[in-house]
>>> print(open('model_34.pdb').read())   # PDB, C-alpha atoms
ATOM      1  CA  MET P  95     -12.977   2.734  19.822  1.00  0.00           C
ATOM      2  CA  GLY P  96     -14.357   6.110  18.755  1.00  0.00           C
ATOM      3  CA  ILE P  97     -14.050   8.284  15.680  1.00  0.00           C
ATOM      4  CA  ALA P  98     -10.224   8.348  15.577  1.00  0.00           C
ATOM      5  CA  THR P  99      -9.911   4.735  14.416  1.00  0.00           C
ATOM      6  CA  ILE P 100     -10.554   2.738  11.259  1.00  0.00           C
ATOM      7  CA  TYR P 101     -11.409  -0.349  13.311  1.00  0.00           C
ATOM      8  CA  LYS P 102     -14.816  -1.303  14.715  1.00  0.00           C
ATOM      9  CA  SER P 103     -13.285  -2.644  17.927  1.00  0.00           C
ATOM     10  CA  VAL P 104     -10.017  -3.034  19.812  1.00  0.00           C
ATOM     11  CA  ASP P 105     -10.414  -6.805  19.425  1.00  0.00           C
ATOM     12  CA  GLY P 106     -10.719  -6.434  15.642  1.00  0.00           C
ATOM     13  CA  LYS P 107      -7.580  -4.281  15.486  1.00  0.00           C
ATOM     14  CA  ASN P 108      -5.679  -6.819  17.592  1.00  0.00           C
ATOM     15  CA  LYS P 109      -6.761  -9.714  15.348  1.00  0.00           C
ATOM     16  CA  ILE P 110      -5.648  -7.899  12.200  1.00  0.00           C
ATOM     17  CA  GLN P 111      -2.284  -7.053  13.739  1.00  0.00           C
ATOM     18  CA  GLU P 112      -1.880 -10.675  14.877  1.00  0.00           C
ATOM     19  CA  ALA P 113      -2.552 -11.814  11.285  1.00  0.00           C
ATOM     20  CA  TYR P 114       0.035  -9.260  10.139  1.00  0.00           C
ATOM     21  CA  GLU P 115       2.645 -10.783  12.444  1.00  0.00           C
ATOM     22  CA  ASP P 116       1.674 -14.321  11.374  1.00  0.00           C
ATOM     23  CA  TYR P 117       2.292 -13.398   7.719  1.00  0.00           C
ATOM     24  CA  LEU P 118       5.728 -12.015   8.632  1.00  0.00           C
ATOM     25  CA  GLU P 119       6.682 -15.426  10.016  1.00  0.00           C
ATOM     26  CA  ALA P 120       6.160 -16.903   6.508  1.00  0.00           C
ATOM     27  CA  PHE P 121       9.175 -15.008   5.145  1.00  0.00           C
ATOM     28  CA  SER P 122      12.456 -16.895   5.145  1.00  0.00           C
ATOM     29  CA  LEU P 123      14.507 -13.775   5.755  1.00  0.00           C
ATOM     30  CA  ARG P 124      14.408 -10.951   8.195  1.00  0.00           C
ATOM     31  CA  LEU P 125      12.530  -7.822   7.212  1.00  0.00           C
ATOM     32  CA  GLU P 126      13.553  -4.477   8.652  1.00  0.00           C
ATOM     33  CA  ARG P 127      10.846  -2.276  10.118  1.00  0.00           C
ATOM     34  CA  ALA P 128      10.886   1.492  10.108  1.00  0.00           C
ATOM     35  CA  TYR P 129       8.586   4.417  10.828  1.00  0.00           C
ATOM     36  CA  VAL P 130       8.626   7.526   8.669  1.00  0.00           C
ATOM     37  CA  LYS P 131       6.975  10.779   9.691  1.00  0.00           C
ATOM     38  CA  THR P 132       4.958  12.149   6.775  1.00  0.00           C
ATOM     39  CA  ARG P 133       2.785  15.249   6.574  1.00  0.00           C
ATOM     40  CA  PHE P 134      -0.220  12.917   7.074  1.00  0.00           C
ATOM     41  CA  GLY P 135       1.121  10.995  10.081  1.00  0.00           C
ATOM     42  CA  ASN P 136       3.524   8.172  10.884  1.00  0.00           C
ATOM     43  CA  THR P 137       3.942   5.438   8.296  1.00  0.00           C
ATOM     44  CA  HIS P 138       5.205   1.953   9.118  1.00  0.00           C
ATOM     45  CA  LEU P 139       7.337   0.215   6.466  1.00  0.00           C
ATOM     46  CA  LEU P 140       8.768  -3.224   5.866  1.00  0.00           C
ATOM     47  CA  ILE P 141      12.156  -3.086   4.140  1.00  0.00           C
ATOM     48  CA  THR P 142      14.285  -5.825   2.609  1.00  0.00           C
ATOM     49  CA  GLY P 143      16.756  -6.522  -0.157  1.00  0.00           C
ATOM     50  CA  PRO P 144      20.355  -5.530  -0.824  1.00  0.00           C
ATOM     51  CA  LYS P 145      21.086  -1.993   0.364  1.00  0.00           C
ATOM     52  CA  ASN P 146      22.881  -1.113  -2.882  1.00  0.00           C
ATOM     53  CA  ALA P 147      20.142  -2.514  -5.189  1.00  0.00           C
ATOM     54  CA  LYS P 148      17.682  -0.431  -7.208  1.00  0.00           C
ATOM     55  CA  PRO P 149      14.689   0.707  -5.134  1.00  0.00           C
ATOM     56  CA  LEU P 150      11.261  -0.858  -5.545  1.00  0.00           C
ATOM     57  CA  ILE P 151       8.230   0.412  -3.635  1.00  0.00           C
ATOM     58  CA  ILE P 152       5.446  -2.149  -3.239  1.00  0.00           C
ATOM     59  CA  LEU P 153       2.061  -0.792  -2.182  1.00  0.00           C
ATOM     60  CA  GLN P 154      -0.563  -3.017  -0.587  1.00  0.00           C
ATOM     61  CA  GLY P 155      -4.075  -3.528  -1.895  1.00  0.00           C
ATOM     62  CA  GLY P 156      -6.869  -1.644  -0.162  1.00  0.00           C
ATOM     63  CA  ASN P 157      -7.776  -2.911   3.286  1.00  0.00           C
ATOM     64  CA  ALA P 158      -5.360  -5.821   2.866  1.00  0.00           C
ATOM     65  CA  ILE P 159      -2.424  -6.252   5.199  1.00  0.00           C
ATOM     66  CA  ASN P 160       0.961  -5.277   3.818  1.00  0.00           C
ATOM     67  CA  PRO P 161       2.847  -8.573   4.411  1.00  0.00           C
ATOM     68  CA  MET P 162       0.184 -10.499   2.482  1.00  0.00           C
ATOM     69  CA  THR P 163       0.737  -8.292  -0.583  1.00  0.00           C
ATOM     70  CA  LEU P 164       4.497  -8.294  -0.088  1.00  0.00           C
ATOM     71  CA  TYR P 165       4.563 -12.108   0.037  1.00  0.00           C
ATOM     72  CA  TRP P 166       3.259 -12.257  -3.561  1.00  0.00           C
ATOM     73  CA  PHE P 167       6.477 -10.587  -4.718  1.00  0.00           C
ATOM     74  CA  LYS P 168       9.001 -12.420  -2.511  1.00  0.00           C
ATOM     75  CA  GLU P 169      10.978 -13.578  -5.587  1.00  0.00           C
ATOM     76  CA  LEU P 170      12.115  -9.966  -6.005  1.00  0.00           C
ATOM     77  CA  PHE P 171      13.596  -9.659  -2.509  1.00  0.00           C
ATOM     78  CA  HIS P 172      17.173 -10.508  -3.547  1.00  0.00           C
ATOM     79  CA  HIS P 173      17.150  -8.291  -6.638  1.00  0.00           C
ATOM     80  CA  TYR P 174      15.783  -4.946  -5.352  1.00  0.00           C
ATOM     81  CA  ARG P 175      15.841  -2.796  -2.244  1.00  0.00           C
ATOM     82  CA  ILE P 176      12.185  -3.088  -1.347  1.00  0.00           C
ATOM     83  CA  TYR P 177      10.212  -0.533   0.618  1.00  0.00           C
ATOM     84  CA  ALA P 178       6.686  -1.634   1.519  1.00  0.00           C
ATOM     85  CA  PRO P 179       4.709   0.961   3.462  1.00  0.00           C
ATOM     86  CA  ASP P 180       1.531   0.128   5.358  1.00  0.00           C
ATOM     87  CA  THR P 181      -0.900   2.446   3.584  1.00  0.00           C
ATOM     88  CA  ILE P 182      -1.866   5.242   5.914  1.00  0.00           C
ATOM     89  CA  GLY P 183      -5.517   4.950   6.964  1.00  0.00           C
ATOM     90  CA  HIS P 184      -5.638   1.212   6.185  1.00  0.00           C
ATOM     91  CA  PRO P 185      -4.998  -1.937   8.281  1.00  0.00           C
ATOM     92  CA  GLY P 186      -1.460  -2.239   9.596  1.00  0.00           C
ATOM     93  CA  TYR P 187       0.773  -0.162  11.850  1.00  0.00           C
ATOM     94  CA  SER P 188       0.671   3.219  10.103  1.00  0.00           C
ATOM     95  CA  ASP P 189      -1.459   6.013  11.536  1.00  0.00           C
ATOM     96  CA  GLU P 190      -5.154   5.564  10.910  1.00  0.00           C
ATOM     97  CA  THR P 191      -5.498   8.945   9.214  1.00  0.00           C
ATOM     98  CA  ARG P 192      -7.693   8.661   6.104  1.00  0.00           C
ATOM     99  CA  ILE P 193      -6.457  10.798   3.227  1.00  0.00           C
ATOM    100  CA  SER P 194      -8.185  11.665  -0.018  1.00  0.00           C
ATOM    101  CA  ALA P 195      -7.766   9.497  -3.108  1.00  0.00           C
ATOM    102  CA  LYS P 196      -9.195  12.338  -5.224  1.00  0.00           C
ATOM    103  CA  ASP P 197      -6.382  14.871  -4.906  1.00  0.00           C
ATOM    104  CA  HIS P 198      -2.584  14.985  -4.570  1.00  0.00           C
ATOM    105  CA  SER P 199      -2.542  13.661  -0.960  1.00  0.00           C
ATOM    106  CA  PHE P 200      -1.347  10.132  -1.785  1.00  0.00           C
ATOM    107  CA  ALA P 201       1.288  11.517  -4.186  1.00  0.00           C
ATOM    108  CA  ASN P 202       2.582  13.719  -1.369  1.00  0.00           C
ATOM    109  CA  TRP P 203       2.476  10.807   1.080  1.00  0.00           C
ATOM    110  CA  ILE P 204       4.632   8.635  -1.219  1.00  0.00           C
ATOM    111  CA  SER P 205       6.905  11.595  -1.939  1.00  0.00           C
ATOM    112  CA  ASP P 206       7.451  12.121   1.815  1.00  0.00           C
ATOM    113  CA  ILE P 207       8.486   8.462   2.169  1.00  0.00           C
ATOM    114  CA  MET P 208      10.825   8.688  -0.831  1.00  0.00           C
ATOM    115  CA  ASP P 209      12.393  11.878   0.513  1.00  0.00           C
ATOM    116  CA  TRP P 210      12.978  10.212   3.895  1.00  0.00           C
ATOM    117  CA  PHE P 211      14.980   7.440   2.206  1.00  0.00           C
ATOM    118  CA  GLN P 212      16.595   9.899  -0.266  1.00  0.00           C
ATOM    119  CA  LEU P 213      15.044   8.205  -3.303  1.00  0.00           C
ATOM    120  CA  GLU P 214      14.825  10.562  -6.269  1.00  0.00           C
ATOM    121  CA  LYS P 215      12.800   7.976  -8.196  1.00  0.00           C
ATOM    122  CA  SER P 216      11.805   4.349  -7.784  1.00  0.00           C
ATOM    123  CA  ALA P 217      10.176   1.407  -9.501  1.00  0.00           C
ATOM    124  CA  PHE P 218       6.681   0.644  -8.180  1.00  0.00           C
ATOM    125  CA  ILE P 219       4.364  -2.343  -7.939  1.00  0.00           C
ATOM    126  CA  GLY P 220       0.808  -2.024  -6.735  1.00  0.00           C
ATOM    127  CA  PRO P 221      -2.247  -4.263  -6.829  1.00  0.00           C
ATOM    128  CA  SER P 222      -5.725  -2.725  -6.591  1.00  0.00           C
ATOM    129  CA  TYR P 223      -5.698   0.288  -4.257  1.00  0.00           C
ATOM    130  CA  GLY P 224      -1.884   0.315  -4.296  1.00  0.00           C
ATOM    131  CA  ALA P 225      -2.009   0.681  -8.087  1.00  0.00           C
ATOM    132  CA  GLY P 226      -4.479   3.525  -7.620  1.00  0.00           C
ATOM    133  CA  ILE P 227      -1.951   5.285  -5.376  1.00  0.00           C
ATOM    134  CA  ILE P 228       0.700   4.874  -8.083  1.00  0.00           C
ATOM    135  CA  LEU P 229      -1.737   6.478 -10.540  1.00  0.00           C
ATOM    136  CA  ARG P 230      -2.037   9.476  -8.183  1.00  0.00           C
ATOM    137  CA  LEU P 231       1.754   9.750  -8.094  1.00  0.00           C
ATOM    138  CA  ALA P 232       1.851   9.485 -11.903  1.00  0.00           C
ATOM    139  CA  THR P 233      -0.686  12.300 -12.140  1.00  0.00           C
ATOM    140  CA  PHE P 234       0.980  14.736  -9.765  1.00  0.00           C
ATOM    141  CA  GLN P 235       4.679  13.725  -9.624  1.00  0.00           C
ATOM    142  CA  PRO P 236       5.474  11.446 -12.597  1.00  0.00           C
ATOM    143  CA  GLU P 237       9.190  12.249 -12.387  1.00  0.00           C
ATOM    144  CA  ARG P 238       9.363  10.115  -9.191  1.00  0.00           C
ATOM    145  CA  ILE P 239       8.439   6.921 -11.105  1.00  0.00           C
ATOM    146  CA  ALA P 240      11.217   4.954 -12.861  1.00  0.00           C
ATOM    147  CA  CYS P 241       8.705   2.309 -13.990  1.00  0.00           C
ATOM    148  CA  ALA P 242       5.527   0.782 -12.595  1.00  0.00           C
ATOM    149  CA  VAL P 243       3.501  -2.403 -12.588  1.00  0.00           C
ATOM    150  CA  LEU P 244      -0.199  -1.783 -11.932  1.00  0.00           C
ATOM    151  CA  ILE P 245      -2.251  -4.873 -11.127  1.00  0.00           C
ATOM    152  CA  ASN P 246      -6.013  -4.397 -11.431  1.00  0.00           C
ATOM    153  CA  PRO P 247      -5.739  -0.700 -10.533  1.00  0.00           C
ATOM    154  CA  SER P 248      -8.475   1.023  -8.624  1.00  0.00           C
ATOM    155  CA  GLY P 249      -8.962   4.731  -9.040  1.00  0.00           C
ATOM    156  CA  ILE P 250      -9.226   4.837 -12.806  1.00  0.00           C
ATOM    157  CA  GLN P 251     -12.814   5.937 -12.247  1.00  0.00           C
ATOM    158  CA  LEU P 252     -13.733   7.233  -8.810  1.00  0.00           C
ATOM    159  CA  GLY P 253     -17.389   6.862  -8.001  1.00  0.00           C
ATOM    160  CA  SER P 254     -20.058   6.038  -5.499  1.00  0.00           C
ATOM    161  CA  LYS P 255     -19.536   2.738  -3.696  1.00  0.00           C
ATOM    162  CA  LYS P 256     -23.284   2.635  -3.058  1.00  0.00           C
ATOM    163  CA  ARG P 257     -24.001   2.869  -6.784  1.00  0.00           C
ATOM    164  CA  TYR P 258     -21.678  -0.049  -7.540  1.00  0.00           C
ATOM    165  CA  ALA P 259     -23.124  -2.181  -4.731  1.00  0.00           C
ATOM    166  CA  THR P 260     -26.775  -1.639  -5.704  1.00  0.00           C
ATOM    167  CA  PRO P 261     -28.286  -4.736  -7.334  1.00  0.00           C
ATOM    168  CA  CYS P 262     -29.072  -4.439 -11.004  1.00  0.00           C
ATOM    169  CA  ASN P 263     -32.710  -4.871 -12.097  1.00  0.00           C
ATOM    170  CA  THR P 264     -31.764  -5.829 -15.647  1.00  0.00           C
ATOM    171  CA  SER P 265     -32.345  -9.427 -16.674  1.00  0.00           C
ATOM    172  CA  PHE P 266     -30.240 -11.000 -19.416  1.00  0.00           C
ATOM    173  CA  SER P 267     -29.268 -14.373 -20.756  1.00  0.00           C
ATOM    174  CA  LEU P 268     -25.808 -15.674 -21.536  1.00  0.00           C
ATOM    175  CA  LEU P 269     -27.294 -18.183 -23.970  1.00  0.00           C
ATOM    176  CA  SER P 270     -28.466 -17.203 -27.427  1.00  0.00           C
ATOM    177  CA  SER P 271     -32.101 -17.935 -28.308  1.00  0.00           C
TER
END
>>> encode(input="model_34.pdb", output="structure tokens")
Amino acid sequence: MGIATIYKSVDGKNKIQEAYEDYLEAFSLRLERAYVKTRFGNTHLLITGPKNAKPLIILQGGNAINPMTLYWFKELFHHYRIYAPDTIGHPGYSDETRISAKDHSFANWISDIMDWFQLEKSAFIGPSYGAGIILRLATFQPERIACAVLINPSGIQLGSKKRYATPCNTSFSLLSS
């Protein structure tokens, strides 16, 4: 597929997008779909909930598909106006542009989405990588966050993936002698 894609093959991309659509069928209500143009590319969103309810932005975990993460929070659908963007540069329907997790890029990406929907501030929920994105927003634009739930946040300490994946040579025992 070349350098301009996050996928290893067209078949792999198609399978992930089929799984995405299969997850959507699990919801008992219709979800709206929208595309928002951000400074980093087009972002696909799933939207649900009463139009006059308080906004809640739910961010997917890293390399997970958005509807899978969104399904975990389906009990909130009738209480909040939910905006669930497919993280740009991750599996889903948003552009495949990778942006830095080390600077203000993700804060600006979320801010662009909020501006599109005229949201001055919002509540947020994010597991894993999604929580890491909320931390970037909290660092660079905290005034946009009404409140946040961070579930096992990534990004507290950025580091080498290779270092964390390297086997440890230390031997230890869980039992006392």
>>> atom_distance(input="model_34.pdb", atom1="atom CA of P:Thr142", atom2="atom CA of P:Ser205")
19.5 Å
>>> closest_residue(input="model_34.pdb", among="P:Phe200, P:Ile176, P:Leu125, P:Gly183", to="P:Pro149", atoms="all atoms listed in the file")
P:Ile176
>>> residues_around(input="model_34.pdb", residues="stretch 113-118 of chain P", least_positions_apart="4", cutoff="12 Å", atoms="all atoms listed in the file", output="VMD selection string")
chain P and resid 106 to 109 122 to 127 140 to 141 158 to 166 168 180 185 to 187
>>> resolve_selection(input="model_34.pdb", expression="the PyMOL selection byres ((chain P and resi 148) around 10)", output="count of residues only")
15
>>> closest_residue(input="model_34.pdb", among="P:Thr99, P:Asn157, P:Gln212, P:Gln235", to="P:His198", atoms="only C-alpha atoms")
P:Gln235
>>> resolve_selection(input="model_34.pdb", expression="the PyMOL selection byres ((chain P and resi 201) around 10)", output="VMD selection string")
chain P and resid 195 197 to 200 202 to 206 227 to 236 238
>>> closest_atom_pairs(input="model_34.pdb", of="stretch 177-262 of chain P", to="stretch 152-156 of chain P", cutoff="7 Å", atoms="only C-alpha atoms", output="Markdown table")
| residue | atom | partner | partner_atom | distance |
| --- | --- | --- | --- | --- |
| P:Tyr177 | CA | P:Ile152 | CA | 6.3 |
| P:Ala178 | CA | P:Ile152 | CA | 4.9 |
| P:Pro179 | CA | P:Leu153 | CA | 6.5 |
| P:Thr181 | CA | P:Gln154 | CA | 6.9 |
| P:Phe218 | CA | P:Ile152 | CA | 5.8 |
| P:Ile219 | CA | P:Ile152 | CA | 4.8 |
| P:Gly220 | CA | P:Leu153 | CA | 4.9 |
| P:Pro221 | CA | P:Gly155 | CA | 5.3 |
| P:Ser222 | CA | P:Gly155 | CA | 5.0 |
| P:Tyr223 | CA | P:Gly156 | CA | 4.7 |
| P:Gly224 | CA | P:Leu153 | CA | 4.6 |
>>> atom_distance(input="model_34.pdb", atom1="atom CA of P:Phe167", atom2="atom CA of P:Ile151")
11.2 Å
>>> closest_residue(input="model_34.pdb", among="P:Leu244, P:Thr137, P:Phe121, P:His184", to="P:Phe171", atoms="only C-alpha atoms")
P:Phe121
>>> atom_distance(input="model_34.pdb", atom1="atom CA of P:Cys241", atom2="atom CA of P:Trp210")
20.0 Å
>>> axis_aligned_box(input="model_34.pdb", around="stretch 119-125 of chain P", padding_each_side="6 Å", output="AutoDock Vina command-line options")
--center_x 10.3 --center_y -12.4 --center_z 7.6 --size_x 20.3 --size_y 21.1 --size_z 16.9
>>> closest_residue(input="model_34.pdb", among="P:Gly135, P:Ile110, P:Glu214, P:Ile207", to="P:Glu237", atoms="all atoms listed in the file")
P:Glu214
>>> residues_near_point(input="model_34.pdb", point="(-8.9, 6.4, 6.9)", cutoff="6 Å", atoms="all atoms listed in the file", output="number ranges by chain")
P: 100, 183, 190-192
